[in-house]
Protein chains: 2
Amino acid sequence: MRFEVTILGCSSATPTSNRFPTAQVINLLERFFLVDCGEGTQMQMRKYKIKMQSINHVFISHLHGDHYFGLVGLLSTMHLLGRKAPLYLYAHKDLKKIIDIQLNSSDTYLNYEIIFHPLRYDEKEVLVDDKLYSIETIILKHRIQCCGFLFKEKAREKGVRRDKIKEYNIPYTVIPSIKKGEDFITEKGETIPNHEITVKPPYPRSYAYCSDTAYIKELSEVVKGVDLLYHEATFMDNMKLRAKETFHSTTLEAASIAKDAGAKKLLIGHYSARYHDTSPLVDEARTIFPDTEASKEGVTYIV
Amino acid sequence: MRFEVTILGCSSATPTSNRFPTAQVINLLERFFLVDCGEGTQMQMRKYKIKMQSINHVFISHLHGDHYFGLVGLLSTMHLLGRKAPLYLYAHKDLKKIIDIQLNSSDTYLNYEIIFHPLRYDEKEVLVDDKLYSIETIILKHRIQCCGFLFKEKAREKGVRRDKIKEYNIPYTVIPSIKKGEDFITEKGETIPNHEITVKPPYPRSYAYCSDTAYIKELSEVVKGVDLLYHEATFMDNMKLRAKETFHSTTLEAASIAKDAGAKKLLIGHYSARYHDTSPLVDEARTIFPDTEASKEGVTYIV
């Protein structure tokens, strides 16, 4: 079952001739989540063959324009293309007003419902709690209220081997307890150890999206052990004062978070427009955390 | 002296994989005017090498998103790139609120002033009245208040030939009257006819931008004799009922306006996303008005 991240934009505030502002689509078990929606996201979706209407949940980290100026255009296009399914939108409360004033001014009444969830930024919230996964916020530190999002598969129960059910004639009534780890005792009183009749559940994967943020040492605890960590790296280390002033992070800070968290892989992004080539950024991050990649538009990364 | 139009987007409400929503830049004697600003206009400016900060005037025809969703992103980028020069913005009064709520929510204070002119849509207004040109509104008929814009060079005075000034020893004091068409009488009383000592002024050119509109028969009077007429042609003739319902025009309606106005050339645009190829649209328009072209992104048209 797929769990992957497709980058639609990875520029910081000023887009460049080949980098759009922030947006990414998460495919978590064939459910599609849009995270941030910079200007031009709908064009990028067309370019990279993302099915717009497959998206039912949109998460906006904060209200700097490079993270949401593409949203009202996307909502309008979804409407014009006949969407009926409700759309769940998680964002700062002001975004509702920003959308409404624009729809009102154009005398537009959407064919579908937007179910708006205003984010709180003072403490962690669980936004989606599905049987198979959960999505929660990560509190970040930026010039305005900002959060990231943590996508986690839930731990699943063990599977019981069909061949063993047949071999030992295991009744269905005891399956739930075997899934929980109990051994099976046959009619003859023989104990079959749990590991012989079960298969391990799939490993629960996780992805953390840490949008615009100053370096927060404690963040590594929050994203402990994630498989894929996206962390902004607006600047290189020689601009760390500028990073601090603007509440952004450097490559080395992003890499330190990944290292301290014991993440499996780091994806950096949100590059300042001054960096035409991102290889110096990734090279610098790798001095601290070797398994770093520079996010690139149109590329899908496996969690 | 240049007078030309560069198309940055020519799609209607839904952008396609190769057409951005409406935006165009008018170069009128090296002054640059942005007309409409659909989502992604700032990216298109980079792509087609339009100098963003050279634009001092922005005209927004109406508040359907495909005509302005790129504006707040452009304003923000102008700010981030250090703009200080004021920007004149002509649009529906609600646009001011739409911009303000977004700047406020991101805690952004622009480094430059926006001088906002709320358009009236009940009668024609002269928006810019320069020594060399004027820009006025064209009242259109759409689902919400909407206007086009008419860019006109002013008639200039004749030029007085330098060689003749020398030959007849014409004193500078009489130059203004010669420019106005008077003959020159030499010291010996000889009359030199005006046409012998003057050159014709450059022909005053004009460009009419007729954004979203239902067919208005009387529009041809308003744009009488323009050199270049841009008129929307969202649909082909076989969809004229749909055009009527949505307050848009067909290729044949656009061509009729051009013909009745005696325009020199017609540029169509604002194509419905259903037309992947625009050649059937231009072919149809040419049955009524042969000198029609289909506007294309990144192409500059001479007025």
# chains A, B, ... in the order shown; residues from 1 in each chain; ligands from 1
$ residues_around --residues "Gly9 (chain A)" --least-positions-apart "4" --cutoff "10 Å" --atoms "only C-alpha atoms" --output "PDB file with N, CA, C and O atoms, in the first residue's frame"
ATOM      1  N   PRO A  15       8.564  33.013  -5.955  1.00  0.00           N
ATOM      2  CA  PRO A  15       8.772  31.914  -6.903  1.00  0.00           C
ATOM      3  C   PRO A  15       9.892  32.267  -7.891  1.00  0.00           C
ATOM      4  O   PRO A  15      10.175  33.445  -8.108  1.00  0.00           O
ATOM      5  N   ASN A  18      11.809  28.467 -12.319  1.00  0.00           N
ATOM      6  CA  ASN A  18      11.568  27.025 -12.360  1.00  0.00           C
ATOM      7  C   ASN A  18      11.129  26.421 -11.020  1.00  0.00           C
ATOM      8  O   ASN A  18      11.199  25.214 -10.837  1.00  0.00           O
ATOM      9  N   ARG A  19      10.713  27.275 -10.091  1.00  0.00           N
ATOM     10  CA  ARG A  19      10.208  26.733  -8.828  1.00  0.00           C
ATOM     11  C   ARG A  19       8.948  27.465  -8.397  1.00  0.00           C
ATOM     12  O   ARG A  19       8.952  28.675  -8.189  1.00  0.00           O
ATOM     13  N   PHE A  20       7.882  26.720  -8.226  1.00  0.00           N
ATOM     14  CA  PHE A  20       6.621  27.274  -7.745  1.00  0.00           C
ATOM     15  C   PHE A  20       6.653  27.303  -6.215  1.00  0.00           C
ATOM     16  O   PHE A  20       7.439  26.585  -5.594  1.00  0.00           O
ATOM     17  N   PRO A  21       5.775  28.102  -5.591  1.00  0.00           N
ATOM     18  CA  PRO A  21       5.739  28.110  -4.123  1.00  0.00           C
ATOM     19  C   PRO A  21       5.186  26.788  -3.571  1.00  0.00           C
ATOM     20  O   PRO A  21       4.702  25.939  -4.316  1.00  0.00           O
ATOM     21  N   THR A  22       5.247  26.667  -2.257  1.00  0.00           N
ATOM     22  CA  THR A  22       5.017  25.382  -1.583  1.00  0.00           C
ATOM     23  C   THR A  22       3.652  24.747  -1.824  1.00  0.00           C
ATOM     24  O   THR A  22       2.610  25.382  -1.647  1.00  0.00           O
ATOM     25  N   ALA A  23       3.682  23.491  -2.170  1.00  0.00           N
ATOM     26  CA  ALA A  23       2.494  22.619  -2.202  1.00  0.00           C
ATOM     27  C   ALA A  23       2.991  21.194  -2.351  1.00  0.00           C
ATOM     28  O   ALA A  23       3.990  20.950  -3.035  1.00  0.00           O
ATOM     29  N   GLN A  24       2.320  20.280  -1.678  1.00  0.00           N
ATOM     30  CA  GLN A  24       2.644  18.866  -1.892  1.00  0.00           C
ATOM     31  C   GLN A  24       1.407  18.007  -1.686  1.00  0.00           C
ATOM     32  O   GLN A  24       0.489  18.396  -0.970  1.00  0.00           O
ATOM     33  N   ASP A  36      -0.484  22.540   1.983  1.00  0.00           N
ATOM     34  CA  ASP A  36      -0.185  23.866   1.478  1.00  0.00           C
ATOM     35  C   ASP A  36      -0.549  23.963  -0.001  1.00  0.00           C
ATOM     36  O   ASP A  36      -0.697  22.941  -0.692  1.00  0.00           O
ATOM     37  N   CYS A  37      -0.746  25.205  -0.433  1.00  0.00           N
ATOM     38  CA  CYS A  37      -1.332  25.391  -1.769  1.00  0.00           C
ATOM     39  C   CYS A  37      -0.920  26.756  -2.306  1.00  0.00           C
ATOM     40  O   CYS A  37      -1.725  27.668  -2.424  1.00  0.00           O
ATOM     41  N   GLY A  38       0.373  26.878  -2.610  1.00  0.00           N
ATOM     42  CA  GLY A  38       0.895  28.138  -3.153  1.00  0.00           C
ATOM     43  C   GLY A  38       0.275  28.454  -4.507  1.00  0.00           C
ATOM     44  O   GLY A  38      -0.357  27.594  -5.142  1.00  0.00           O
ATOM     45  N   GLU A  39       0.477  29.691  -4.928  1.00  0.00           N
ATOM     46  CA  GLU A  39      -0.066  30.118  -6.226  1.00  0.00           C
ATOM     47  C   GLU A  39       0.376  29.166  -7.343  1.00  0.00           C
ATOM     48  O   GLU A  39       1.550  28.801  -7.427  1.00  0.00           O
ATOM     49  N   GLY A  40      -0.567  28.781  -8.165  1.00  0.00           N
ATOM     50  CA  GLY A  40      -0.247  27.927  -9.312  1.00  0.00           C
ATOM     51  C   GLY A  40      -0.352  26.442  -9.015  1.00  0.00           C
ATOM     52  O   GLY A  40      -0.061  25.613  -9.885  1.00  0.00           O
ATOM     53  N   THR A  41      -0.794  26.093  -7.793  1.00  0.00           N
ATOM     54  CA  THR A  41      -0.900  24.669  -7.448  1.00  0.00           C
ATOM     55  C   THR A  41      -1.800  23.926  -8.436  1.00  0.00           C
ATOM     56  O   THR A  41      -1.482  22.813  -8.863  1.00  0.00           O
ATOM     57  N   GLN A  44       0.118  23.122 -11.471  1.00  0.00           N
ATOM     58  CA  GLN A  44       1.093  22.065 -11.196  1.00  0.00           C
ATOM     59  C   GLN A  44       0.410  20.694 -11.123  1.00  0.00           C
ATOM     60  O   GLN A  44       0.965  19.694 -11.549  1.00  0.00           O
ATOM     61  N   ASP A  66       2.726  32.444   0.117  1.00  0.00           N
ATOM     62  CA  ASP A  66       3.377  31.381  -0.666  1.00  0.00           C
ATOM     63  C   ASP A  66       2.900  29.992  -0.231  1.00  0.00           C
ATOM     64  O   ASP A  66       3.271  28.996  -0.838  1.00  0.00           O
ATOM     65  N   HIS A  67       2.047  29.947   0.787  1.00  0.00           N
ATOM     66  CA  HIS A  67       1.508  28.665   1.235  1.00  0.00           C
ATOM     67  C   HIS A  67       0.004  28.515   0.962  1.00  0.00           C
ATOM     68  O   HIS A  67      -0.548  27.457   1.230  1.00  0.00           O
ATOM     69  N   GLY A 269      13.512  21.652   1.578  1.00  0.00           N
ATOM     70  CA  GLY A 269      12.790  22.442   0.573  1.00  0.00           C
ATOM     71  C   GLY A 269      12.585  23.856   1.063  1.00  0.00           C
ATOM     72  O   GLY A 269      13.230  24.290   2.021  1.00  0.00           O
ATOM     73  N   HIS A 270      11.690  24.602   0.365  1.00  0.00           N
ATOM     74  CA  HIS A 270      11.403  26.000   0.694  1.00  0.00           C
ATOM     75  C   HIS A 270      12.661  26.860   0.528  1.00  0.00           C
ATOM     76  O   HIS A 270      12.967  27.730   1.321  1.00  0.00           O
ATOM     77  N   SER A 295      14.207  18.377  -2.205  1.00  0.00           N
ATOM     78  CA  SER A 295      12.925  18.146  -2.873  1.00  0.00           C
ATOM     79  C   SER A 295      12.902  18.890  -4.204  1.00  0.00           C
ATOM     80  O   SER A 295      13.466  19.977  -4.349  1.00  0.00           O
ATOM     81  N   LYS A 296      12.242  18.280  -5.158  1.00  0.00           N
ATOM     82  CA  LYS A 296      12.233  18.793  -6.538  1.00  0.00           C
ATOM     83  C   LYS A 296      10.818  18.668  -7.084  1.00  0.00           C
ATOM     84  O   LYS A 296      10.155  17.644  -6.865  1.00  0.00           O
ATOM     85  N   GLU A 297      10.375  19.670  -7.778  1.00  0.00           N
ATOM     86  CA  GLU A 297       9.012  19.668  -8.315  1.00  0.00           C
ATOM     87  C   GLU A 297       8.725  18.485  -9.208  1.00  0.00           C
ATOM     88  O   GLU A 297       9.530  18.144 -10.076  1.00  0.00           O
ATOM     89  N   GLY A 298       7.562  17.908  -9.010  1.00  0.00           N
ATOM     90  CA  GLY A 298       7.125  16.820  -9.877  1.00  0.00           C
ATOM     91  C   GLY A 298       7.673  15.462  -9.465  1.00  0.00           C
ATOM     92  O   GLY A 298       7.321  14.458 -10.067  1.00  0.00           O
TER      93      GLY A 298
END
$ interface_residues --of "chain A" --to "chain B" --cutoff "7 Å" --atoms "only C-alpha atoms" --output "mmCIF file with C-alpha atoms, in the first residue's frame"
data_model
loop_
_atom_site.group_PDB
_atom_site.id
_atom_site.type_symbol
_atom_site.label_atom_id
_atom_site.label_comp_id
_atom_site.auth_asym_id
_atom_site.auth_seq_id
_atom_site.Cartn_x
_atom_site.Cartn_y
_atom_site.Cartn_z
ATOM 1 C CA THR A 14 9.375 34.450 -4.160
ATOM 2 C CA SER A 17 11.408 30.723 -13.140
ATOM 3 C CA GLU A 39 -0.066 30.118 -6.226
ATOM 4 C CA GLY A 40 -0.247 27.927 -9.312
ATOM 5 C CA MET A 43 -1.536 24.285 -12.803
ATOM 6 C CA ARG A 46 -2.398 19.347 -14.215
ATOM 7 C CA LYS A 47 1.249 19.289 -15.186
ATOM 8 C CA LEU A 63 -1.219 32.338 6.130
ATOM 9 C CA HIS A 64 1.902 33.513 4.348
ATOM 10 C CA GLY A 65 0.824 33.800 0.741
ATOM 11 C CA PHE A 69 -2.478 31.914 -2.639
ATOM 12 C CA GLY A 73 -8.319 29.231 -7.528
ATOM 13 C CA THR A 77 -11.804 25.068 -10.437
ATOM 14 C CA ASP A 94 -8.886 33.850 8.919
ATOM 15 C CA ILE A 98 -10.465 35.238 2.898
ATOM 16 C CA ILE A 101 -14.991 37.471 0.573
ATOM 17 C CA GLN A 102 -13.599 36.262 -2.749
ATOM 18 C CA SER A 105 -17.338 39.225 -4.737
ATOM 19 C CA SER A 106 -17.598 36.951 -7.745
ATOM 20 C CA ILE A 144 2.968 34.248 12.346
#
$ residues_around --residues "His248 (chain B)" --least-positions-apart "4" --cutoff "10 Å" --atoms "only C-alpha atoms" --output "list in words"
Lys141, His142, Arg143, Ser211, Asp212, Thr213, Ala214, Tyr215, Glu232, Ala233, Thr234, Phe235, Lys240, Leu241, Arg242, Ala243, Lys244, Glu253 and His270 of chain B
$ atom_distance --atom1 "CA of Leu228 (chain A)" --atom2 "CA of Lys131 (chain A)"
21.4 Å
$ select_by_dssp --residues "region 143-266 of chain B" --states "strand (DSSP E)" --output "list in words"
Cys147, Gly148, Phe149, Leu150, Phe151, Lys152, Glu153, Gly159, Val160, Phe184, Ile185, Thr191, Ile192, Thr198, Val199, Ser206, Tyr207, Ala208, Tyr209, Cys210, Leu228, Leu229, Tyr230, His231, Glu232, Lys265 and Leu266 of chain B
$ atom_distance --atom1 "CA of Pro201 (chain A)" --atom2 "CA of Glu136 (chain A)"
22.9 Å
$ select_by_dssp --residues "region 35-111 of chain B" --states "helix (DSSP H, G or I)" --output "ChimeraX atom specification"
/B:41-47,52-54,65-67,71-80,94-105
$ atom_distance --atom1 "CA of Glu196 (chain A)" --atom2 "CA of Ala155 (chain A)"
20.4 Å
$ closest_residue --among "B:Ala263, B:Ala273, B:Ile178, B:Ile26" --to "Leu8 (chain B)" --atoms "only C-alpha atoms"
B:Ile26
